[in-house]
>>> print(open('input_1.pdb').read())   # PDB, C-alpha atoms
ATOM      1  CA  MET A 137     122.852 112.475  84.395
ATOM      2  CA  SER A 138     126.512 113.489  84.697
ATOM      3  CA  LYS A 139     128.499 113.901  81.476
ATOM      4  CA  ALA A 140     131.373 112.011  83.063
ATOM      5  CA  PHE A 141     129.060 109.044  83.609
ATOM      6  CA  ASN A 142     127.805 109.185  80.010
ATOM      7  CA  LEU A 143     131.338 108.605  78.757
ATOM      8  CA  ILE A 144     131.233 105.075  80.167
ATOM      9  CA  ASP A 145     129.684 102.208  78.206
ATOM     10  CA  LEU A 146     126.546 101.381  80.164
ATOM     11  CA  SER A 147     125.152  98.806  77.761
ATOM     12  CA  PHE A 148     125.877  96.055  80.298
ATOM     13  CA  ILE A 149     123.695  97.572  83.007
ATOM     14  CA  ASN A 150     120.166  96.373  82.327
ATOM     15  CA  SER A 151     120.599  92.847  81.080
ATOM     16  CA  LYS A 152     117.973  91.603  83.571
ATOM     17  CA  ASP A 153     114.243  92.226  83.318
ATOM     18  CA  PRO A 154     112.437  93.889  86.216
ATOM     19  CA  VAL A 155     109.948  91.463  87.743
ATOM     20  CA  ARG A 156     108.185  91.277  91.080
ATOM     21  CA  GLY A 157     110.784  90.544  93.758
ATOM     22  CA  THR A 158     113.803  91.994  91.953
ATOM     23  CA  VAL A 159     115.702  94.993  93.262
ATOM     24  CA  LEU A 160     116.408  98.294  91.519
ATOM     25  CA  ILE A 161     119.719 100.004  92.287
ATOM     26  CA  SER A 162     120.005 103.637  91.220
ATOM     27  CA  ASP A 163     122.866 104.784  89.024
ATOM     28  CA  PRO A 164     125.584 106.746  90.888
ATOM     29  CA  PHE A 165     124.489 110.161  89.634
ATOM     30  CA  LEU A 166     120.702 109.916  89.697
ATOM     31  CA  ASP A 167     119.834 113.392  90.959
ATOM     32  CA  ASP A 168     116.596 112.965  92.864
ATOM     33  CA  ASP A 169     115.855 113.633  96.539
ATOM     34  CA  TYR A 170     114.010 110.335  97.000
ATOM     35  CA  PHE A 171     116.033 108.078  94.739
ATOM     36  CA  ARG A 172     119.644 109.273  94.958
ATOM     37  CA  ARG A 173     121.782 106.171  95.667
ATOM     38  CA  SER A 174     118.681 104.184  96.517
ATOM     39  CA  VAL A 175     117.866 100.484  96.551
ATOM     40  CA  ILE A 176     114.238  99.611  95.822
ATOM     41  CA  LEU A 177     112.437  96.319  96.291
ATOM     42  CA  LEU A 178     110.040  95.942  93.360
ATOM     43  CA  CYS A 179     106.833  94.509  94.845
ATOM     44  CA  ASP A 180     104.857  94.479  91.614
ATOM     45  CA  HIS A 181     105.581  95.077  87.941
ATOM     46  CA  THR A 182     102.903  94.782  85.275
ATOM     47  CA  GLY A 183     102.200  96.349  81.914
ATOM     48  CA  ASP A 184     100.096  98.997  83.636
ATOM     49  CA  SER A 185     102.243 100.047  86.571
ATOM     50  CA  SER A 186     104.976  99.163  89.055
ATOM     51  CA  PHE A 187     105.531  99.860  92.732
ATOM     52  CA  GLY A 188     108.068  99.160  95.430
ATOM     53  CA  PHE A 189     109.838 100.497  98.504
ATOM     54  CA  VAL A 190     113.135 102.304  99.000
ATOM     55  CA  LEU A 191     115.086 100.120 101.426
ATOM     56  CA  ASN A 192     117.845 102.524 102.471
ATOM     57  CA  ASN A 193     116.280 105.914 103.266
ATOM     58  CA  TYR A 194     115.722 105.785 107.021
ATOM     59  CA  LEU A 195     113.809 108.065 109.359
ATOM     60  CA  GLU A 196     114.697 108.860 112.951
ATOM     61  CA  LEU A 197     111.429 107.303 113.958
ATOM     62  CA  ASP A 198     110.250 104.021 115.472
ATOM     63  CA  LEU A 199     106.912 102.452 114.596
ATOM     64  CA  HIS A 200     106.066 102.423 118.301
ATOM     65  CA  ASP A 201     106.114 106.243 118.103
ATOM     66  CA  LEU A 202     103.324 106.117 115.506
ATOM     67  CA  ASP A 203     101.313 103.358 117.154
ATOM     68  CA  PRO A 204     101.892 103.038 120.922
ATOM     69  CA  ASN A 205      99.908  99.762 120.888
ATOM     70  CA  PHE A 206     102.304  98.152 118.419
ATOM     71  CA  PRO A 207     104.880  95.780 119.940
ATOM     72  CA  ASP A 208     107.990  97.744 120.873
ATOM     73  CA  ILE A 209     110.430  95.958 118.539
ATOM     74  CA  GLN A 210     112.636  98.992 117.779
ATOM     75  CA  ALA A 211     111.532  98.865 114.137
ATOM     76  CA  ARG A 212     113.540 101.220 111.940
ATOM     77  CA  ILE A 213     111.232 102.921 109.422
ATOM     78  CA  SER A 214     112.213 103.899 105.879
ATOM     79  CA  VAL A 215     110.760 106.452 103.503
ATOM     80  CA  GLY A 216     109.439 104.012 100.921
ATOM     81  CA  GLY A 217     109.003 106.689  98.278
ATOM     82  CA  PRO A 218     107.184 109.911  97.431
ATOM     83  CA  VAL A 219     103.651 108.468  97.075
ATOM     84  CA  GLU A 220     101.205 108.449 100.027
ATOM     85  CA  THR A 221     103.862 109.371 102.568
ATOM     86  CA  GLN A 222     101.289 109.589 105.382
ATOM     87  CA  SER A 223     100.559 105.855 105.159
ATOM     88  CA  VAL A 224     102.516 102.983 106.719
ATOM     89  CA  TYR A 225     103.305  99.949 104.546
ATOM     90  CA  TYR A 226     105.137  96.751 105.413
ATOM     91  CA  ILE A 227     106.856  93.728 103.936
ATOM     92  CA  HIS A 228     107.459  90.579 105.932
ATOM     93  CA  GLY A 229     108.300  86.905 105.869
ATOM     94  CA  PHE A 230     105.017  85.493 107.217
ATOM     95  CA  SER A 231     102.751  83.635 104.814
ATOM     96  CA  GLU A 232     100.220  83.179 107.629
ATOM     97  CA  VAL A 233      99.342  86.892 107.657
ATOM     98  CA  GLU A 234      95.867  86.955 106.110
ATOM     99  CA  GLU A 235      95.436  88.880 102.843
ATOM    100  CA  CYS A 236      99.173  89.364 102.281
ATOM    101  CA  VAL A 237     100.557  89.268  98.729
ATOM    102  CA  LYS A 238     103.519  87.074  97.840
ATOM    103  CA  VAL A 239     106.381  89.105  96.362
ATOM    104  CA  ARG A 240     108.699  86.114  96.065
ATOM    105  CA  GLU A 241     109.471  82.984  98.068
ATOM    106  CA  GLY A 242     109.592  83.909 101.767
ATOM    107  CA  LEU A 243     108.731  87.593 101.227
ATOM    108  CA  TYR A 244     105.255  89.130 101.371
ATOM    109  CA  PHE A 245     103.621  92.547 101.149
ATOM    110  CA  GLY A 246     100.840  93.853 103.388
ATOM    111  CA  GLY A 247      98.081  91.770 104.881
ATOM    112  CA  LEU A 248      96.072  92.208 108.051
ATOM    113  CA  TYR A 249      97.821  94.536 110.484
ATOM    114  CA  ASP A 250      96.410  92.749 113.541
ATOM    115  CA  ASP A 251      97.828  89.424 112.311
ATOM    116  CA  LEU A 252     101.265  90.976 112.073
ATOM    117  CA  LYS A 253     100.965  92.504 115.543
ATOM    118  CA  THR A 254      99.967  89.115 116.968
ATOM    119  CA  LEU A 255     103.019  87.416 115.435
ATOM    120  CA  LEU A 256     105.345  90.067 116.811
ATOM    121  CA  ASP A 257     103.708  90.001 120.241
ATOM    122  CA  ALA A 258     104.143  86.224 120.365
ATOM    123  CA  ASN A 259     107.824  86.319 119.430
ATOM    124  CA  LYS A 260     109.889  89.505 119.382
ATOM    125  CA  ALA A 261     112.528  87.684 117.297
ATOM    126  CA  ASN A 262     110.073  87.912 114.406
ATOM    127  CA  HIS A 263     111.068  91.561 114.035
ATOM    128  CA  GLN A 264     114.026  90.366 111.938
ATOM    129  CA  LYS A 265     111.533  89.400 109.216
ATOM    130  CA  VAL A 266     109.579  92.631 108.845
ATOM    131  CA  ARG A 267     110.232  96.114 107.386
ATOM    132  CA  PHE A 268     108.081  99.242 107.624
ATOM    133  CA  PHE A 269     107.836 102.189 105.244
ATOM    134  CA  LEU A 270     106.143 105.563 105.044
ATOM    135  CA  GLY A 271     104.992 105.947 101.453
ATOM    136  CA  TYR A 272     105.971 103.964  98.376
ATOM    137  CA  SER A 273     107.593 104.374  94.972
ATOM    138  CA  GLY A 274     105.338 104.064  91.948
ATOM    139  CA  TRP A 275     105.658 104.137  88.165
ATOM    140  CA  ASP A 276     102.882 104.583  85.609
ATOM    141  CA  GLU A 277     102.616 102.481  82.463
ATOM    142  CA  GLY A 278     105.889 102.557  80.512
ATOM    143  CA  GLN A 279     107.609 104.928  82.954
ATOM    144  CA  LEU A 280     109.955 102.394  84.523
ATOM    145  CA  LYS A 281     110.802 100.979  81.096
ATOM    146  CA  LYS A 282     111.931 104.435  79.949
ATOM    147  CA  GLU A 283     114.021 104.928  83.078
ATOM    148  CA  LEU A 284     115.682 101.548  82.530
ATOM    149  CA  GLU A 285     116.413 102.421  78.894
ATOM    150  CA  SER A 286     118.145 105.590  80.085
ATOM    151  CA  ASN A 287     120.187 103.503  82.573
ATOM    152  CA  SER A 288     118.744 105.174  85.658
ATOM    153  CA  TRP A 289     118.492 101.773  87.362
ATOM    154  CA  VAL A 290     120.376  98.500  87.608
ATOM    155  CA  VAL A 291     118.095  95.450  87.960
ATOM    156  CA  ALA A 292     119.393  92.895  90.484
ATOM    157  CA  ASP A 293     118.006  89.445  91.222
ATOM    158  CA  ASN A 294     120.627  88.283  93.720
ATOM    159  CA  ILE A 295     119.711  90.301  96.831
ATOM    160  CA  SER A 296     118.484  87.872  99.497
ATOM    161  CA  ASN A 297     115.461  88.251 101.752
ATOM    162  CA  GLU A 298     117.809  88.507 104.736
ATOM    163  CA  GLU A 299     119.615  91.434 103.081
ATOM    164  CA  ILE A 300     116.283  93.098 102.330
ATOM    165  CA  PHE A 301     115.005  92.724 105.909
ATOM    166  CA  ALA A 302     118.264  93.935 107.497
ATOM    167  CA  THR A 303     118.212  97.585 108.576
ATOM    168  CA  ASP A 304     121.782  97.830 109.879
ATOM    169  CA  ASN A 305     123.623  98.242 106.554
ATOM    170  CA  ASP A 306     124.012 101.985 105.996
ATOM    171  CA  GLU A 307     125.985 101.283 102.814
ATOM    172  CA  LEU A 308     123.333  99.100 101.211
ATOM    173  CA  TRP A 309     123.524 100.888  97.837
ATOM    174  CA  LYS A 310     127.259 100.275  97.498
ATOM    175  CA  TYR A 311     126.955  96.716  98.814
ATOM    176  CA  CYS A 312     124.196  95.766  96.365
ATOM    177  CA  LEU A 313     126.000  97.308  93.397
ATOM    178  CA  GLU A 314     129.284  95.602  94.263
ATOM    179  CA  LYS A 315     127.416  92.308  94.597
ATOM    180  CA  GLN A 316     126.621  92.489  90.868
ATOM    181  CA  GLY A 317     130.353  92.038  90.167
ATOM    182  CA  GLY A 318     132.417  93.133  87.183
ATOM    183  CA  ASN A 319     131.986  96.748  86.093
ATOM    184  CA  PHE A 320     129.462  97.368  88.844
ATOM    185  CA  LYS A 321     132.263  97.287  91.425
ATOM    186  CA  THR A 322     133.885 100.160  89.558
ATOM    187  CA  ILE A 323     130.801 102.348  89.344
ATOM    188  CA  SER A 324     129.944 101.677  93.010
ATOM    189  CA  LYS A 325     133.065 103.656  93.921
ATOM    190  CA  PHE A 326     132.100 106.788  91.957
ATOM    191  CA  PRO A 327     131.851 109.817  94.268
ATOM    192  CA  LEU A 328     128.455 111.421  94.703
ATOM    193  CA  ASN A 329     129.924 114.615  93.244
ATOM    194  CA  PRO A 330     132.212 113.784  90.257
ATOM    195  CA  SER A 331     134.178 117.005  90.843
ATOM    196  CA  ASN A 332     135.440 115.408  94.069
ATOM    197  CA  ASN A 333     137.175 112.686  92.110
TER     198      ASN A 333
END
>>> encode(input="input_1.pdb", output="structure tokens")
Amino acid sequence: MSKAFNLIDLSFINSKDPVRGTVLISDPFLDDDYFRRSVILLCDHTGDSSFGFVLNNYLELDLHDLDPNFPDIQARISVGGPVETQSVYYIHGFSEVEECVKVREGLYFGGLYDDLKTLLDANKANHQKVRFFLGYSGWDEGQLKKELESNSWVVADNISNEEIFATDNDELWKYCLEKQGGNFKTISKFPLNPSNN
């Protein structure tokens, strides 16, 4: 972490607990290829482990390129994280998808792929309530807690489902941090390289 960033009082950052359905926003100087200026939807958080998906690391790839039989909905795919990057995962807003797991009200993870295809075939407008990812982000027992204690992440509980499903905000990290108000607006403006300041 940058020395310049350490000079700032960060005790205000993690006043919220990470729970399923909250969002993790990386600190401005987190130096990691997958997680630099990332926003992650936390899909599960237990004493044993946690996992979620990076929302703002897009690929120049459409799901229809991976599965020609999938409805051509121009779905923008994200790199969800560094684990199992050859597998496709999805979140959506459809409780009727069999075997899906509720993340929070109106937002679900996984479920039967054919059910999802059927919903999208029936109504292309449903594409506004689904996101696809290659890979996921995972933490072993106690790992996320340590990262939070070192202020690597800001926990946010005010990012809506609509904001999570949207794939047209290329400044999602800044937007989500600013939405936390107060000092977060200040740190959202920090340059990626402090020497550019």
>>> resolve_selection(input="input_1.pdb", expression="the PyMOL selection byres ((chain A and resi 160) around 7)", output="list in words")
Thr158, Val159, Ile161, Ser162, Val175, Ile176, Leu177, Trp289, Val290, Val291 and Ala292 of chain A
>>> resolve_selection(input="input_1.pdb", expression="the PyMOL selection byres ((chain A and resi 240-250) around 6)", output="MDAnalysis selection string")
chainID A and resid 157 226:229 233:239 251:253
>>> residues_around(input="input_1.pdb", residues="His263 in chain A", least_positions_apart="6", cutoff="8 Å", atoms="all atoms listed in the file", output="JSON, numbers by chain")
{"A": [209, 211, 256]}
>>> residues_around(input="input_1.pdb", residues="range 264-275 of chain A", least_positions_apart="3", cutoff="6 Å", atoms="only C-alpha atoms", output="list of chain:residue names")
A:Ser185, A:Ser186, A:Phe187, A:Gly188, A:Phe189, A:Ile213, A:Ser214, A:Val215, A:Gly216, A:Gly217, A:Val219, A:Glu220, A:Thr221, A:Ser223, A:Val224, A:Tyr225, A:Tyr226, A:Ile227, A:His228, A:Gly229, A:Gln279, A:Leu280, A:Phe301
>>> resolve_selection(input="input_1.pdb", expression="the PyMOL selection byres ((chain A and resi 181) around 6)", output="VMD selection string")
chain A and resid 155 to 156 180 182 186
>>> atom_distance(input="input_1.pdb", atom1="CA of Asp208 in chain A", atom2="CA of Thr303 in chain A")
16.0 Å
>>> residues_around(input="input_1.pdb", residues="His200 in chain A", least_positions_apart="3", cutoff="10 Å", atoms="all atoms listed in the file", output="short mmCIF file (atom, residue, chain, number, x, y, z; two decimals) with C-alpha atoms, in the coordinates of the input")
data_model
loop_
_atom_site.label_atom_id
_atom_site.label_comp_id
_atom_site.auth_asym_id
_atom_site.auth_seq_id
_atom_site.Cartn_x
_atom_site.Cartn_y
_atom_site.Cartn_z
CA LEU A 197 111.43 107.30 113.96
CA ASP A 203 101.31 103.36 117.15
CA PRO A 204 101.89 103.04 120.92
CA ASN A 205 99.91 99.76 120.89
CA PHE A 206 102.30 98.15 118.42
CA PRO A 207 104.88 95.78 119.94
CA ASP A 208 107.99 97.74 120.87
CA ILE A 209 110.43 95.96 118.54
CA GLN A 210 112.64 98.99 117.78
CA ALA A 211 111.53 98.86 114.14
CA ARG A 212 113.54 101.22 111.94
#
>>> atom_distance(input="input_1.pdb", atom1="CA of Thr322 in chain A", atom2="CA of Tyr194 in chain A")
25.8 Å
>>> atom_distance(input="input_1.pdb", atom1="CA of Trp309 in chain A", atom2="CA of Glu285 in chain A")
20.3 Å
>>> closest_residue(input="input_1.pdb", among="A:Glu277, A:Glu307, A:Glu314, A:Asp153", to="Ser174 in chain A", atoms="all atoms listed in the file")
A:Glu307
>>> axis_aligned_box(input="input_1.pdb", around="range 285-295 of chain A", padding_each_side="8 Å", output="AutoDock Vina command-line options")
--center_x 118.5 --center_y 96.9 --center_z 87.9 --size_x 20.2 --size_y 33.3 --size_z 33.9
>>> closest_residue(input="input_1.pdb", among="A:Pro154, A:Tyr311, A:Ile300, A:Ala261", to="Gly183 in chain A", atoms="only C-alpha atoms")
A:Pro154
>>> closest_residue(input="input_1.pdb", among="A:Lys282, A:Leu202, A:Asn193, A:Leu166", to="Gln222 in chain A", atoms="all atoms listed in the file")
A:Leu202
>>> closest_residue(input="input_1.pdb", among="A:Leu308, A:Phe230, A:Leu191, A:Asn297", to="Leu255 in chain A", atoms="all atoms listed in the file")
A:Phe230
>>> closest_residue(input="input_1.pdb", among="A:Leu199, A:Val190, A:Ala258, A:Ala302", to="Leu178 in chain A", atoms="only C-alpha atoms")
A:Val190
